Amino acid sequence: MKTCTIVRKADGWYCCISMQDDNVPEPLPLNEIKTAVGVDVGLKEFLVTSKGETVPIKQHYRKTQSHLARQQRFLERKQKGSKRFAAQQNRIARIHQKIGRQRKDFHYNTAHKLVKNYDLIAVEDLNIRGLARTRLSKSVLDAAWGQFITILESVAVKCGVRVVKVSPHSTTQDCSGCGTKVPKTLSIRLHECHKCGLVMDRDENAALNILDRALSEVGLILPAGGGLVAGQPVKPEAWGFNGEALSFFDLEKLPL
């Protein structure tokens with residue numbers, strides 16, 4: 001046993017025990033990765049994968065907002081320090097607790113589905129604090145992308161699956177087909193490249209860019225034609241020139 005934390009919540013006391021488990025597998029070696037996916041989180045859909053799969057957003061807080069506001073108005077009518085005031089405070093705390101538990105359960109279920117189907121999962125390293133300062137702050141905090149990514153990493157560690165975080169810069173603007181920057185506002189939901197003619201959902205385009213960056217970051221690359229070779233990514237050294245394997249720094253063998 002490593003740590004033991006005792007916490008008091010709205011519905012009672014909880015004991016959280018952290019233990020070391022030697023049965024947790026090591027991360028899957030790069031040469032054994034057969035399936036990889038990029039994940040783009042958003043507010044229209046909770047997430048869209050590079051395979052075109054979508055997970056609808058739940059908006060647990062939004063759906064309970066009117067009920068919560070009514071209970072808070074009841075609290076204002078109570079005399080501070082009274083038993084009824086304390087009971088109403090506890091009632092409101094239980095509503096918040098239920099919202100948090102529903103959200104966390106949704107995050108765990110989604111994370112388990114991803115980890116079950118893929119060996120490498122690419123996500124954006126988002127600045128949640130910065131996004132929470134925008135006019136979409138309530139929706140961003142309700143989606144809780146930061147909590148989801150933390151849960152995804154913890155679930156992936158238990159299964160030996162790799163989670164790779166990449167920079168979110170221009171993942172939506174860049175074309176996943178040719179790399180051309182295609183500026184678009186939040187209201188534009190379709191990616192249309194004027195150079196290569198690629199037309200697809202903007203979130204799926206971003207997920208493909210996220211996957212491409214993650215594979216390059218860990219030392220795996222996609223072939224020029226797109227898709228995976230023999231069902232899996234390949235290492236850079238496996239490319240070569242005229243059938244001869246080359247490393248990135250073996251430039252003397254390349255023709256001028």
# chains A, B, ... in the order shown; residues from 1 in each chain; ligands from 1
>>> select_by_dssp(residues="range 23-102 of chain A", states="strand (DSSP E)", output="PDB file with C-alpha atoms, in the first residue's frame")
ATOM      1  CA  ALA A  36      -3.706   3.666 -33.757  1.00  0.00           C
ATOM      2  CA  VAL A  37      -6.339   6.388 -33.530  1.00  0.00           C
ATOM      3  CA  GLY A  38      -6.453  10.152 -33.191  1.00  0.00           C
ATOM      4  CA  VAL A  39      -9.079  11.703 -30.916  1.00  0.00           C
ATOM      5  CA  ASP A  40     -10.408  15.254 -31.233  1.00  0.00           C
ATOM      6  CA  VAL A  41     -12.618  16.438 -28.371  1.00  0.00           C
ATOM      7  CA  LEU A  47     -15.113  13.296 -29.376  1.00  0.00           C
ATOM      8  CA  VAL A  48     -14.509  12.354 -32.993  1.00  0.00           C
ATOM      9  CA  THR A  49     -11.877   9.780 -33.951  1.00  0.00           C
ATOM     10  CA  THR A  54     -18.303   9.881 -32.817  1.00  0.00           C
ATOM     11  CA  VAL A  55     -19.344   9.941 -29.171  1.00  0.00           C
TER      12      VAL A  55
END
>>> residues_around(residues="range 2-7 of chain A", least_positions_apart="4", cutoff="6 Å", atoms="only C-alpha atoms", output="VMD selection string")
chain A and resid 13 to 19
>>> write_last_selection(atoms="N, CA and C atoms", output="JSON list (two decimals), in the first residue's frame")
[["chain", "number", "residue", "atom", "x", "y", "z"],
["A", 13, "TRP", "N", -18.30, 9.69, 4.48],
["A", 13, "TRP", "CA", -16.84, 9.63, 4.46],
["A", 13, "TRP", "C", -16.38, 8.53, 3.50],
["A", 14, "TYR", "N", -15.27, 8.82, 2.81],
["A", 14, "TYR", "CA", -14.71, 7.86, 1.85],
["A", 14, "TYR", "C", -13.22, 7.68, 2.14],
["A", 15, "CYS", "N", -12.76, 6.45, 1.91],
["A", 15, "CYS", "CA", -11.35, 6.12, 2.10],
["A", 15, "CYS", "C", -10.79, 5.68, 0.75],
["A", 16, "CYS", "N", -9.80, 6.40, 0.25],
["A", 16, "CYS", "CA", -9.18, 6.09, -1.05],
["A", 16, "CYS", "C", -7.78, 5.53, -0.81],
["A", 17, "ILE", "N", -7.57, 4.27, -1.19],
["A", 17, "ILE", "CA", -6.30, 3.59, -0.95],
["A", 17, "ILE", "C", -5.56, 3.41, -2.27],
["A", 18, "SER", "N", -4.31, 3.80, -2.30],
["A", 18, "SER", "CA", -3.45, 3.64, -3.48],
["A", 18, "SER", "C", -2.46, 2.52, -3.22],
["A", 19, "MET", "N", -2.42, 1.54, -4.14],
["A", 19, "MET", "CA", -1.56, 0.37, -3.94],
["A", 19, "MET", "C", -0.74, 0.10, -5.20]]
>>> select_by_dssp(residues="range 84-201 of chain A", states="alpha helix (DSSP H)", output="short mmCIF file (atom, residue, chain, number, x, y, z; two decimals) with N, CA and C atoms, in the first residue's frame")
data_model
loop_
_atom_site.label_atom_id
_atom_site.label_comp_id
_atom_site.auth_asym_id
_atom_site.auth_seq_id
_atom_site.Cartn_x
_atom_site.Cartn_y
_atom_site.Cartn_z
N ARG A 84 -32.13 24.00 8.81
CA ARG A 84 -32.70 23.92 7.48
C ARG A 84 -31.72 24.46 6.42
N PHE A 85 -30.97 25.49 6.81
CA PHE A 85 -29.95 26.02 5.90
C PHE A 85 -28.88 24.96 5.62
N ALA A 86 -28.42 24.27 6.67
CA ALA A 86 -27.41 23.23 6.51
C ALA A 86 -27.95 22.06 5.69
N ALA A 87 -29.22 21.70 5.91
CA ALA A 87 -29.82 20.59 5.16
C ALA A 87 -29.94 20.94 3.68
N GLN A 88 -30.31 22.20 3.38
CA GLN A 88 -30.43 22.62 1.98
C GLN A 88 -29.05 22.70 1.32
N GLN A 89 -28.04 23.12 2.05
CA GLN A 89 -26.68 23.12 1.53
C GLN A 89 -26.24 21.71 1.16
N ASN A 90 -26.57 20.76 2.03
CA ASN A 90 -26.21 19.37 1.75
C ASN A 90 -26.97 18.83 0.55
N ARG A 91 -28.23 19.27 0.36
CA ARG A 91 -29.02 18.84 -0.79
C ARG A 91 -28.38 19.35 -2.09
N ILE A 92 -27.92 20.58 -2.09
CA ILE A 92 -27.25 21.15 -3.27
C ILE A 92 -25.92 20.44 -3.53
N ALA A 93 -25.19 20.14 -2.46
CA ALA A 93 -23.92 19.44 -2.61
C ALA A 93 -24.12 18.05 -3.21
N ARG A 94 -25.22 17.40 -2.84
CA ARG A 94 -25.51 16.08 -3.40
C ARG A 94 -25.84 16.16 -4.90
N ILE A 95 -26.48 17.24 -5.32
CA ILE A 95 -26.76 17.42 -6.75
C ILE A 95 -25.45 17.56 -7.52
N HIS A 96 -24.55 18.38 -7.00
CA HIS A 96 -23.24 18.54 -7.65
C HIS A 96 -22.48 17.21 -7.66
N GLN A 97 -22.59 16.46 -6.58
CA GLN A 97 -21.92 15.17 -6.50
C GLN A 97 -22.46 14.19 -7.53
N LYS A 98 -23.77 14.19 -7.71
CA LYS A 98 -24.37 13.31 -8.71
C LYS A 98 -23.93 13.68 -10.12
N ILE A 99 -23.86 14.99 -10.41
CA ILE A 99 -23.40 15.43 -11.72
C ILE A 99 -21.97 14.96 -11.97
N GLY A 100 -21.11 15.13 -10.96
CA GLY A 100 -19.72 14.71 -11.10
C GLY A 100 -19.58 13.22 -11.31
N ARG A 101 -20.38 12.44 -10.61
CA ARG A 101 -20.32 10.98 -10.75
C ARG A 101 -20.83 10.53 -12.11
N GLN A 102 -21.90 11.16 -12.60
CA GLN A 102 -22.39 10.82 -13.93
C GLN A 102 -21.34 11.13 -15.00
N ARG A 103 -20.70 12.28 -14.86
CA ARG A 103 -19.68 12.68 -15.82
C ARG A 103 -18.49 11.72 -15.78
N LYS A 104 -18.06 11.37 -14.58
CA LYS A 104 -16.91 10.47 -14.45
C LYS A 104 -17.23 9.08 -14.98
N ASP A 105 -18.44 8.60 -14.75
CA ASP A 105 -18.85 7.29 -15.28
C ASP A 105 -18.84 7.30 -16.80
N PHE A 106 -19.32 8.38 -17.39
CA PHE A 106 -19.30 8.53 -18.85
C PHE A 106 -17.87 8.55 -19.37
N HIS A 107 -16.99 9.25 -18.69
CA HIS A 107 -15.58 9.31 -19.11
C HIS A 107 -14.91 7.94 -19.02
N TYR A 108 -15.19 7.20 -17.96
CA TYR A 108 -14.58 5.87 -17.81
C TYR A 108 -15.08 4.91 -18.90
N ASN A 109 -16.38 4.94 -19.17
CA ASN A 109 -16.93 4.06 -20.21
C ASN A 109 -16.32 4.37 -21.57
N THR A 110 -16.20 5.67 -21.89
CA THR A 110 -15.61 6.07 -23.17
C THR A 110 -14.15 5.68 -23.25
N ALA A 111 -13.41 5.88 -22.16
CA ALA A 111 -11.99 5.53 -22.13
C ALA A 111 -11.79 4.03 -22.32
N HIS A 112 -12.60 3.23 -21.67
CA HIS A 112 -12.47 1.77 -21.80
C HIS A 112 -12.74 1.30 -23.23
N LYS A 113 -13.70 1.94 -23.90
CA LYS A 113 -13.99 1.57 -25.29
C LYS A 113 -12.80 1.87 -26.19
N LEU A 114 -12.17 3.01 -25.99
CA LEU A 114 -11.00 3.37 -26.81
C LEU A 114 -9.83 2.44 -26.53
N VAL A 115 -9.56 2.20 -25.26
CA VAL A 115 -8.41 1.36 -24.89
C VAL A 115 -8.61 -0.08 -25.37
N LYS A 116 -9.85 -0.53 -25.39
CA LYS A 116 -10.14 -1.90 -25.83
C LYS A 116 -9.88 -2.09 -27.32
N ASN A 117 -10.03 -1.03 -28.12
CA ASN A 117 -9.97 -1.17 -29.57
C ASN A 117 -8.66 -0.71 -30.20
N ILE A 128 -6.69 23.73 -20.75
CA ILE A 128 -8.07 23.80 -20.27
C ILE A 128 -8.33 25.11 -19.54
N ARG A 129 -7.35 25.59 -18.77
CA ARG A 129 -7.55 26.84 -18.04
C ARG A 129 -7.78 28.02 -18.99
N GLY A 130 -7.04 28.02 -20.09
CA GLY A 130 -7.22 29.09 -21.07
C GLY A 130 -8.58 29.01 -21.74
N LEU A 131 -9.02 27.79 -22.09
CA LEU A 131 -10.32 27.62 -22.72
C LEU A 131 -11.46 27.97 -21.76
N SER A 137 -16.97 28.92 -21.57
CA SER A 137 -16.38 28.33 -20.36
C SER A 137 -17.30 27.29 -19.70
N LYS A 138 -18.60 27.59 -19.62
CA LYS A 138 -19.51 26.65 -18.95
C LYS A 138 -19.59 25.32 -19.69
N SER A 139 -19.64 25.39 -21.01
CA SER A 139 -19.69 24.16 -21.80
C SER A 139 -18.37 23.40 -21.74
N VAL A 140 -17.25 24.13 -21.72
CA VAL A 140 -15.94 23.49 -21.64
C VAL A 140 -15.78 22.76 -20.32
N LEU A 141 -16.16 23.42 -19.22
CA LEU A 141 -16.05 22.79 -17.90
C LEU A 141 -17.03 21.64 -17.74
N ASP A 142 -18.19 21.74 -18.39
CA ASP A 142 -19.18 20.65 -18.32
C ASP A 142 -18.66 19.42 -19.06
N ALA A 143 -17.97 19.63 -20.19
CA ALA A 143 -17.39 18.50 -20.93
C ALA A 143 -16.24 17.86 -20.17
N TRP A 145 -12.83 17.95 -20.43
CA TRP A 145 -11.85 17.24 -21.26
C TRP A 145 -10.61 16.85 -20.46
N GLY A 146 -10.18 17.73 -19.55
CA GLY A 146 -8.99 17.43 -18.76
C GLY A 146 -9.16 16.19 -17.92
N GLN A 147 -10.31 16.07 -17.27
CA GLN A 147 -10.59 14.87 -16.47
C GLN A 147 -10.64 13.63 -17.36
N PHE A 148 -11.23 13.76 -18.53
CA PHE A 148 -11.33 12.62 -19.44
C PHE A 148 -9.95 12.13 -19.87
N ILE A 149 -9.06 13.05 -20.23
CA ILE A 149 -7.72 12.65 -20.67
C ILE A 149 -6.95 12.01 -19.53
N THR A 150 -7.13 12.54 -18.31
CA THR A 150 -6.48 11.92 -17.14
C THR A 150 -6.99 10.50 -16.92
N ILE A 151 -8.30 10.31 -17.02
CA ILE A 151 -8.88 8.98 -16.87
C ILE A 151 -8.42 8.06 -17.99
N LEU A 152 -8.37 8.59 -19.21
CA LEU A 152 -7.91 7.79 -20.35
C LEU A 152 -6.48 7.30 -20.14
N GLU A 153 -5.62 8.17 -19.61
CA GLU A 153 -4.24 7.77 -19.35
C GLU A 153 -4.17 6.70 -18.27
N SER A 154 -4.97 6.83 -17.22
CA SER A 154 -4.93 5.84 -16.14
C SER A 154 -5.45 4.49 -16.59
N VAL A 155 -6.50 4.49 -17.42
CA VAL A 155 -7.04 3.23 -17.94
C VAL A 155 -6.05 2.60 -18.92
N ALA A 156 -5.42 3.42 -19.75
CA ALA A 156 -4.46 2.91 -20.74
C ALA A 156 -3.25 2.29 -20.07
N VAL A 157 -2.79 2.88 -18.96
CA VAL A 157 -1.61 2.33 -18.25
C VAL A 157 -1.90 0.91 -17.77
N LYS A 158 -3.11 0.67 -17.30
CA LYS A 158 -3.45 -0.65 -16.78
C LYS A 158 -3.46 -1.71 -17.88
N CYS A 159 -3.66 -1.29 -19.13
CA CYS A 159 -3.76 -2.23 -20.25
C CYS A 159 -2.53 -2.21 -21.16
#
>>> atom_distance(atom1="CA of Val182 in chain A", atom2="CA of Ile210 in chain A")
15.9 Å
>>> closest_residue(among="A:Asp174, A:Glu217, A:Glu32, A:Asp212", to="His194 in chain A", atoms="only C-alpha atoms")
A:Asp174
>>> residues_around(residues="Asp125 in chain A", least_positions_apart="2", cutoff="7 Å", atoms="only C-alpha atoms", output="PyMOL selection string")
chain A and resi 123+127+165-168
>>> closest_residue(among="A:Thr180, A:Ser66, A:Gln79, A:Thr171", to="Glu204 in chain A", atoms="only C-alpha atoms")
A:Thr171
>>> closest_residue(among="A:Arg189, A:Lys44, A:His169, A:Lys184", to="Asn209 in chain A", atoms="only C-alpha atoms")
A:His169
>>> residues_around(residues="Cys175 in chain A", least_positions_apart="5", cutoff="12 Å", atoms="only C-alpha atoms", output="PyMOL selection string")
chain A and resi 170+180-184+190-210+212
>>> atom_distance(atom1="CA of Leu75 in chain A", atom2="CA of Lys9 in chain A")
19.1 Å
